[in-house]
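Here is the file model.txt (compact mmCIF, C-alpha atoms).
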# COMPACT_ATOMS: atom_id res chain seq x y z
CA ARG A 217 66.76 112.64 99.90
CA GLU A 218 70.25 114.15 99.98
CA GLN A 219 71.36 115.35 103.40
CA THR A 220 73.34 118.59 103.26
CA GLU A 221 73.71 119.38 106.96
CA LEU A 222 74.95 117.47 109.93
CA MET A 223 72.61 118.06 112.84
CA LEU A 224 74.09 117.53 116.30
CA PRO A 225 71.70 117.46 119.25
CA LEU A 226 73.51 119.91 121.54
CA VAL A 227 71.23 121.37 124.16
CA ASP A 228 73.28 124.56 124.33
CA ASP A 229 75.20 126.03 121.37
CA ALA A 230 77.64 127.58 123.83
CA ALA A 231 78.86 124.05 124.56
CA TRP A 232 81.02 124.27 121.42
CA GLU A 233 83.20 126.80 123.22
CA THR A 234 84.48 123.96 125.40
CA TYR A 235 85.31 121.60 122.51
CA PRO A 236 88.96 120.55 122.97
CA ALA A 237 91.69 122.01 120.76
CA LEU A 238 93.29 119.09 118.94
CA GLY A 239 96.06 120.53 116.78
CA ALA A 240 96.68 120.04 113.07
CA ASP A 241 97.47 116.31 112.99
CA TRP A 242 94.67 114.92 115.15
CA GLU A 243 93.07 112.93 112.29
CA ALA A 244 96.15 110.79 111.92
CA ASN A 245 97.53 110.76 115.42
CA LEU A 246 94.96 111.05 118.20
CA THR A 247 96.58 110.81 121.62
CA GLN A 248 94.97 109.24 124.68
CA GLU A 249 94.68 112.72 126.23
CA GLN A 250 92.87 114.05 123.13
CA ALA A 251 90.55 111.02 123.01
CA ASP A 252 89.71 111.49 126.69
CA ALA A 253 89.02 115.22 126.17
CA ILE A 254 86.69 114.54 123.23
CA ASN A 255 84.91 111.76 125.12
CA ALA A 256 84.46 114.08 128.10
CA PHE A 257 83.05 116.80 125.85
CA TRP A 258 80.44 114.51 124.30
CA GLY A 259 79.59 113.06 127.69
CA THR A 260 78.77 116.50 129.09
CA ALA A 261 77.49 118.41 126.02
CA GLY A 262 73.88 117.49 126.57
CA THR A 263 73.68 114.92 123.79
CA GLY A 264 72.94 111.92 125.93
CA ALA A 265 75.94 110.16 124.38
CA ALA A 266 78.11 108.10 126.68
CA GLY A 267 81.23 109.78 125.36
CA ASP A 268 83.56 106.81 125.68
CA ASP A 269 83.82 105.50 122.12
CA LEU A 270 86.93 107.33 120.92
CA GLN A 271 90.28 105.58 121.20
CA PRO A 272 93.79 106.88 120.44
CA THR A 273 95.17 106.21 116.98
CA GLU A 274 98.63 105.83 115.55
CA VAL A 275 99.91 106.48 112.05
CA GLN A 276 100.60 103.15 110.41
CA PRO A 277 103.78 103.11 108.30
CA ILE A 278 103.32 102.56 104.59
CA GLN A 279 104.45 99.14 103.54
CA ALA A 280 106.54 99.22 100.38
CA PRO A 281 105.27 96.79 97.76
CA GLU A 282 107.15 93.72 96.73
CA PRO A 283 108.85 93.93 93.32
CA GLY A 284 106.36 93.14 90.58
CA GLN A 285 103.26 93.90 92.66
CA ALA A 286 100.50 95.91 91.03
CA VAL A 287 97.34 97.67 92.15
CA ARG A 288 94.21 98.41 90.17
CA ALA A 289 93.96 102.13 89.39
CA ARG A 290 90.32 102.04 90.45
CA ALA A 291 91.42 101.04 93.97
CA LEU A 292 93.32 104.35 94.25
CA LEU A 293 90.35 106.54 93.29
CA ASP A 294 88.56 108.36 96.10
CA THR A 295 91.29 107.44 98.56
CA SER A 296 93.00 109.80 100.96
CA VAL A 297 96.24 111.44 99.94
CA THR A 298 98.48 111.83 102.94
CA ALA A 299 101.73 113.52 103.83
CA ALA A 300 104.51 111.30 105.13
CA ASP A 301 103.47 112.15 108.71
CA GLY A 302 99.93 110.85 108.07
CA THR A 303 98.24 114.25 107.72
CA THR A 304 95.38 114.05 105.24
CA LEU A 305 95.96 116.48 102.36
CA GLY A 306 93.07 115.55 100.11
CA GLN A 307 91.36 112.86 98.12
CA THR A 308 92.16 111.38 94.72
CA GLN A 309 89.73 112.33 91.99
CA ASN A 310 91.53 110.83 89.02
CA LEU A 311 94.77 109.33 87.75
CA LEU A 312 96.08 110.67 84.46
CA ILE A 313 98.21 108.56 82.13
CA ASP A 314 100.78 109.95 79.70
CA LEU A 315 99.88 107.89 76.64
CA SER A 316 103.22 108.41 74.90
CA ALA A 317 105.26 107.39 77.98
CA HIS A 318 102.94 104.52 79.00
CA ARG A 319 102.85 105.55 82.67
CA PHE A 320 100.92 107.59 85.19
CA LYS A 321 101.81 111.27 85.02
CA TYR A 322 99.51 112.98 87.53
CA VAL A 323 97.16 112.31 90.39
CA VAL A 324 94.25 114.77 90.47
CA VAL A 325 93.74 115.64 94.14
CA ALA A 326 90.88 117.56 95.73
CA LEU A 327 92.58 119.39 98.58
CA ALA A 328 91.20 118.81 102.06
CA ALA A 329 90.12 121.72 104.25
CA GLY A 330 93.25 123.00 105.94
CA ALA A 331 95.69 121.55 103.40
CA ALA A 332 95.91 124.95 101.70
CA GLN A 333 94.22 128.31 102.11
CA GLU A 334 92.74 128.17 98.60
CA PRO A 335 90.51 125.14 98.08
CA GLY A 336 90.33 123.26 94.82
CA SER A 337 91.98 120.50 92.87
CA VAL A 338 95.64 120.20 91.91
CA LEU A 339 97.71 117.94 89.67
CA LEU A 340 100.38 116.21 91.72
CA PRO A 341 103.10 114.45 89.71
CA TYR A 342 102.86 110.72 90.26
CA SER A 343 106.61 110.72 90.98
CA LEU A 344 105.88 112.48 94.31
CA PHE A 345 104.23 109.43 95.79
CA ALA A 346 105.81 106.65 97.80
CA PRO A 347 104.56 103.27 96.65
CA GLY A 348 102.03 101.78 98.99
CA ASP A 349 99.35 99.15 99.24
CA GLN A 350 96.22 100.74 97.77
CA GLN A 351 96.99 104.14 99.25
CA LEU A 352 98.72 107.29 98.11
CA ALA A 353 101.22 108.87 100.46
CA LEU A 354 103.60 111.60 99.43
CA ASN A 355 107.34 111.04 99.68
CA ALA A 356 108.82 112.05 103.04
CA ASP A 357 110.78 114.93 101.51
CA PHE A 358 107.78 116.59 99.82
CA ASN A 359 107.22 120.18 101.00
CA THR A 360 103.46 120.37 101.59
CA GLY A 361 103.77 124.18 101.57
CA LEU A 362 103.95 123.93 97.78
CA LEU A 363 100.22 123.15 97.79
CA GLU A 364 99.51 126.79 98.73
CA THR A 365 100.62 128.12 95.35
CA ALA A 366 100.14 125.05 93.14
CA PRO A 367 97.96 125.83 90.12
CA ARG A 368 94.34 124.80 90.58
CA VAL A 369 92.65 122.75 87.86
CA ASP A 370 89.06 122.16 86.85
CA ALA A 371 88.63 118.54 87.94
CA THR A 372 85.19 118.32 86.34
CA ALA A 373 86.56 119.31 82.91
CA LEU A 374 89.38 116.78 83.29
CA ALA A 375 86.92 114.03 84.20
CA GLU A 376 84.75 114.79 81.16
CA ALA A 377 87.58 114.81 78.60
CA ASP A 378 88.45 111.54 76.91
CA ILE A 379 91.90 112.55 75.66
CA LEU A 380 93.67 115.75 76.67
CA ASP A 381 95.63 117.58 73.99
CA ALA A 382 99.38 118.09 74.25
CA GLY A 383 100.18 121.10 76.40
CA TRP A 384 97.06 120.85 78.56
CA ASP A 385 99.26 120.61 81.68
CA ASP A 386 101.85 123.28 80.79
CA GLU A 387 101.12 125.47 83.84
CA SER A 388 101.23 122.62 86.37
CA ALA A 389 104.28 120.99 84.78
CA ALA A 390 106.19 124.29 84.82
CA TYR A 391 105.23 124.90 88.46
CA TRP A 392 106.47 121.50 89.65
CA ARG A 393 109.65 121.62 87.56
CA GLU A 394 110.45 125.09 88.95
CA ALA A 395 110.03 123.57 92.42
CA GLY A 396 112.69 121.01 91.47
CA LEU A 397 110.38 118.04 91.02
CA GLU A 398 110.36 115.44 88.27
CA VAL A 399 107.58 115.80 85.73
CA PRO A 400 108.10 113.67 82.63
CA GLU A 401 108.48 115.61 79.38
CA PRO A 402 106.24 114.48 76.52
CA GLU A 403 107.99 111.92 74.35
Whole structure given in structure tokens:
Amino acid sequence: REQTELMLPLVDDAAWETYPALGADWEANLTQEQADAINAFWGTAGTGAAGDDLQPTEVQPIQAPEPGQAVRARALLDTSVTAADGTTLGQTQNLLIDLSAHRFKYVVVALAAGAAQEPGSVLLPYSLFAPGDQQLALNADFNTGLLETAPRVDATALAEADILDAGWDDESAAYWREAGLEVPEPE
């Protein structure tokens, strides 16, 4: 049976009012103070949990690959897409190859809650990503604010198509080029 709700055994719903404020980057960079506050919350929220499991985390720097290294495209699917500071922006849904150029052109990314006001999927030019070991992190100079107005795409339709006709990405390509980013022209 598919579970669609997360049920937490709080004795009193008002307990949520005391849940600690963590800030926007807590997923990637949990401080000792934040970990202690969350542990204290769970220890006193009436769940019976000990509330001492959470530990601080640090963003691990992306290791640049050695020349000639390769990664299987499948290993990059369903992985987190992060900003240079470690903030999770979304999850990869697909990698799209420009057949005439013989290289990746776009990463289809399902935006995470909080990455942009409008949810959905976007095409991010592959050139935006810093090389990494089986992970996709955006270059340090990428302005994540561009995700707010980036054209949304129908990820389901993209996943169902075998070959996409020329011009299928005109709107996204124009958007990224106008923003000053490299999007390969069809050859």
*If you measure from CA of Ile313 in chain A to CA of Ala332 in chain A, what distance in Å do you get, rounded to one decimal?*
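It comes out at 25.6 Å.
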*For Ala331 in chain A, which of A:Leu344, A:Leu362, A:Ala377, A:Ala382 is the closest residue, counting all atoms listed in the file?*
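For Ala331 in chain A, the nearest of the candidates is A:Leu362.
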*asked:* Taking all atoms listed in the file into account, name the residue in A:Val323, A:Leu354, A:Leu397, A:Ala289 that is nearest to Leu305 in chain A.
replied: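 Of the candidates, the smallest distance to Leu305 in chain A is held by A:Leu354.
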Excluding Leu374 in chain A and its own-chain neighbours fewer than 6 positions away, which residues fall within 10 Å of it when counting all atoms listed in the file? Please give them as a compact mmCIF listing (two decimals) with C-alpha atoms, in the frame of the given file.
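Output contents, as saved in selection06.txt:
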# COMPACT_ATOMS: atom_id res chain seq x y z
CA GLN A 309 89.73 112.33 91.99
CA ASN A 310 91.53 110.83 89.02
CA LEU A 312 96.08 110.67 84.46
CA VAL A 324 94.25 114.77 90.47
CA LEU A 380 93.67 115.75 76.67
CA TRP A 384 97.06 120.85 78.56
*Which of these, A:Glu249, A:Arg290, A:Leu315, A:Thr295, has the shortest distance to Asp381 in chain A once you count all atoms listed in the file?*
A:Leu315
*Separation of CA of Asp385 in chain A and CA of Glu364 in chain A, in Å?*
18.1 Å
*Measuring atom to atom with only C-alpha atoms, identify which of A:Ser388, A:Ser343, A:Ser337, A:Ser296 is nearest to Asp370 in chain A.*
A:Ser337
Mind working out the centre and edge lengths of an axis-aligned box for range 322-334 of chain A, all listed atoms inside, 8 Å added to each side, rounded to one decimal in Å and written as JSON?
{"center_x": 94.8, "center_y": 120.3, "center_z": 96.7, "size_x": 25.4, "size_y": 32.0, "size_z": 34.4}
*Best match for closeness to Phe358 in chain A among A:Ala328, A:Ala299, A:Ala251, A:Val338, counting all atoms listed in the file*: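 Closest residue, counting all atoms listed in the file: A:Ala299.
One distance worth recording is that between CA of Ile379 in chain A and CA of Val297 in chain A, which is 24.7 Å.
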My structure is short of atoms at range 317-328 of chain A; please model all heavy atoms there, returning them as a JSON list (two decimals), in the frame of the given file.
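Full text of out_15.json as output:
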[["chain", "number", "residue", "atom", "x", "y", "z"],
["A", 317, "ALA", "N", 104.26, 107.97, 77.07],
["A", 317, "ALA", "CA", 105.26, 107.39, 77.98],
["A", 317, "ALA", "C", 104.79, 106.08, 78.59],
["A", 317, "ALA", "O", 105.57, 105.39, 79.25],
["A", 317, "ALA", "CB", 105.61, 108.38, 79.08],
["A", 318, "HIS", "N", 103.51, 105.76, 78.46],
["A", 318, "HIS", "CA", 102.94, 104.52, 79.00],
["A", 318, "HIS", "C", 103.05, 104.44, 80.52],
["A", 318, "HIS", "O", 103.37, 103.38, 81.07],
["A", 318, "HIS", "CB", 103.60, 103.28, 78.36],
["A", 318, "HIS", "CG", 103.59, 103.29, 76.89],
["A", 318, "HIS", "ND1", 102.47, 102.98, 76.16],
["A", 318, "HIS", "CD2", 104.56, 103.60, 75.99],
["A", 318, "HIS", "CE1", 102.75, 103.08, 74.87],
["A", 318, "HIS", "NE2", 104.00, 103.46, 74.74],
["A", 319, "ARG", "N", 102.79, 105.56, 81.21],
["A", 319, "ARG", "CA", 102.85, 105.55, 82.67],
["A", 319, "ARG", "C", 101.98, 106.67, 83.23],
["A", 319, "ARG", "O", 101.62, 107.61, 82.54],
["A", 319, "ARG", "CB", 104.28, 105.68, 83.17],
["A", 319, "ARG", "CG", 104.94, 106.98, 82.78],
["A", 319, "ARG", "CD", 106.34, 107.04, 83.32],
["A", 319, "ARG", "NE", 107.01, 108.21, 82.81],
["A", 319, "ARG", "CZ", 108.23, 108.54, 83.10],
["A", 319, "ARG", "NH1", 108.95, 107.77, 83.89],
["A", 319, "ARG", "NH2", 108.76, 109.62, 82.62],
["A", 320, "PHE", "N", 101.67, 106.54, 84.53],
["A", 320, "PHE", "CA", 100.92, 107.59, 85.19],
["A", 320, "PHE", "C", 101.76, 108.86, 85.22],
["A", 320, "PHE", "O", 102.97, 108.82, 85.46],
["A", 320, "PHE", "CB", 100.57, 107.21, 86.64],
["A", 320, "PHE", "CG", 99.46, 106.22, 86.73],
["A", 320, "PHE", "CD1", 99.70, 104.95, 87.20],
["A", 320, "PHE", "CD2", 98.17, 106.55, 86.33],
["A", 320, "PHE", "CE1", 98.68, 104.01, 87.29],
["A", 320, "PHE", "CE2", 97.14, 105.63, 86.41],
["A", 320, "PHE", "CZ", 97.40, 104.36, 86.89],
["A", 321, "LYS", "N", 101.11, 109.99, 84.98],
["A", 321, "LYS", "CA", 101.81, 111.27, 85.02],
["A", 321, "LYS", "C", 101.35, 112.09, 86.22],
["A", 321, "LYS", "O", 102.17, 112.67, 86.93],
["A", 321, "LYS", "CB", 101.57, 112.05, 83.73],
["A", 321, "LYS", "CG", 102.38, 113.33, 83.64],
["A", 321, "LYS", "CD", 102.30, 113.94, 82.25],
["A", 321, "LYS", "CE", 103.23, 115.13, 82.14],
["A", 321, "LYS", "NZ", 103.20, 115.70, 80.79],
["A", 322, "TYR", "N", 100.04, 112.16, 86.45],
["A", 322, "TYR", "CA", 99.51, 112.98, 87.53],
["A", 322, "TYR", "C", 98.44, 112.24, 88.32],
["A", 322, "TYR", "O", 97.74, 111.38, 87.79],
["A", 322, "TYR", "CB", 98.84, 114.25, 86.99],
["A", 322, "TYR", "CG", 99.78, 115.24, 86.37],
["A", 322, "TYR", "CD1", 99.79, 115.42, 84.99],
["A", 322, "TYR", "CD2", 100.62, 116.02, 87.15],
["A", 322, "TYR", "CE1", 100.63, 116.34, 84.41],
["A", 322, "TYR", "CE2", 101.47, 116.95, 86.56],
["A", 322, "TYR", "CZ", 101.47, 117.11, 85.19],
["A", 322, "TYR", "OH", 102.29, 118.03, 84.61],
["A", 323, "VAL", "N", 98.29, 112.67, 89.57],
["A", 323, "VAL", "CA", 97.16, 112.31, 90.39],
["A", 323, "VAL", "C", 96.38, 113.61, 90.59],
["A", 323, "VAL", "O", 96.96, 114.62, 91.00],
["A", 323, "VAL", "CB", 97.59, 111.75, 91.76],
["A", 323, "VAL", "CG1", 96.38, 111.42, 92.62],
["A", 323, "VAL", "CG2", 98.48, 110.52, 91.57],
["A", 324, "VAL", "N", 95.10, 113.60, 90.24],
["A", 324, "VAL", "CA", 94.25, 114.77, 90.47],
["A", 324, "VAL", "C", 93.74, 114.66, 91.90],
["A", 324, "VAL", "O", 93.11, 113.66, 92.26],
["A", 324, "VAL", "CB", 93.07, 114.83, 89.48],
["A", 324, "VAL", "CG1", 92.24, 116.10, 89.72],
["A", 324, "VAL", "CG2", 93.56, 114.77, 88.04],
["A", 325, "VAL", "N", 94.06, 115.68, 92.71],
["A", 325, "VAL", "CA", 93.74, 115.64, 94.14],
["A", 325, "VAL", "C", 92.85, 116.82, 94.52],
["A", 325, "VAL", "O", 93.19, 117.97, 94.24],
["A", 325, "VAL", "CB", 95.04, 115.68, 94.99],
["A", 325, "VAL", "CG1", 94.71, 115.71, 96.48],
["A", 325, "VAL", "CG2", 95.92, 114.49, 94.66],
["A", 326, "ALA", "N", 91.72, 116.52, 95.14],
["A", 326, "ALA", "CA", 90.88, 117.56, 95.73],
["A", 326, "ALA", "C", 91.45, 117.84, 97.11],
["A", 326, "ALA", "O", 91.50, 116.94, 97.96],
["A", 326, "ALA", "CB", 89.43, 117.09, 95.84],
["A", 327, "LEU", "N", 91.93, 119.06, 97.32],
["A", 327, "LEU", "CA", 92.58, 119.39, 98.58],
["A", 327, "LEU", "C", 91.58, 119.38, 99.74],
["A", 327, "LEU", "O", 90.45, 119.85, 99.61],
["A", 327, "LEU", "CB", 93.24, 120.76, 98.48],
["A", 327, "LEU", "CG", 94.40, 120.85, 97.49],
["A", 327, "LEU", "CD1", 94.89, 122.29, 97.38],
["A", 327, "LEU", "CD2", 95.53, 119.92, 97.89],
["A", 328, "ALA", "N", 92.02, 118.85, 100.86],
["A", 328, "ALA", "CA", 91.20, 118.81, 102.06],
["A", 328, "ALA", "C", 91.20, 120.19, 102.71],
["A", 328, "ALA", "O", 92.13, 120.98, 102.53],
["A", 328, "ALA", "CB", 91.77, 117.78, 103.04]]
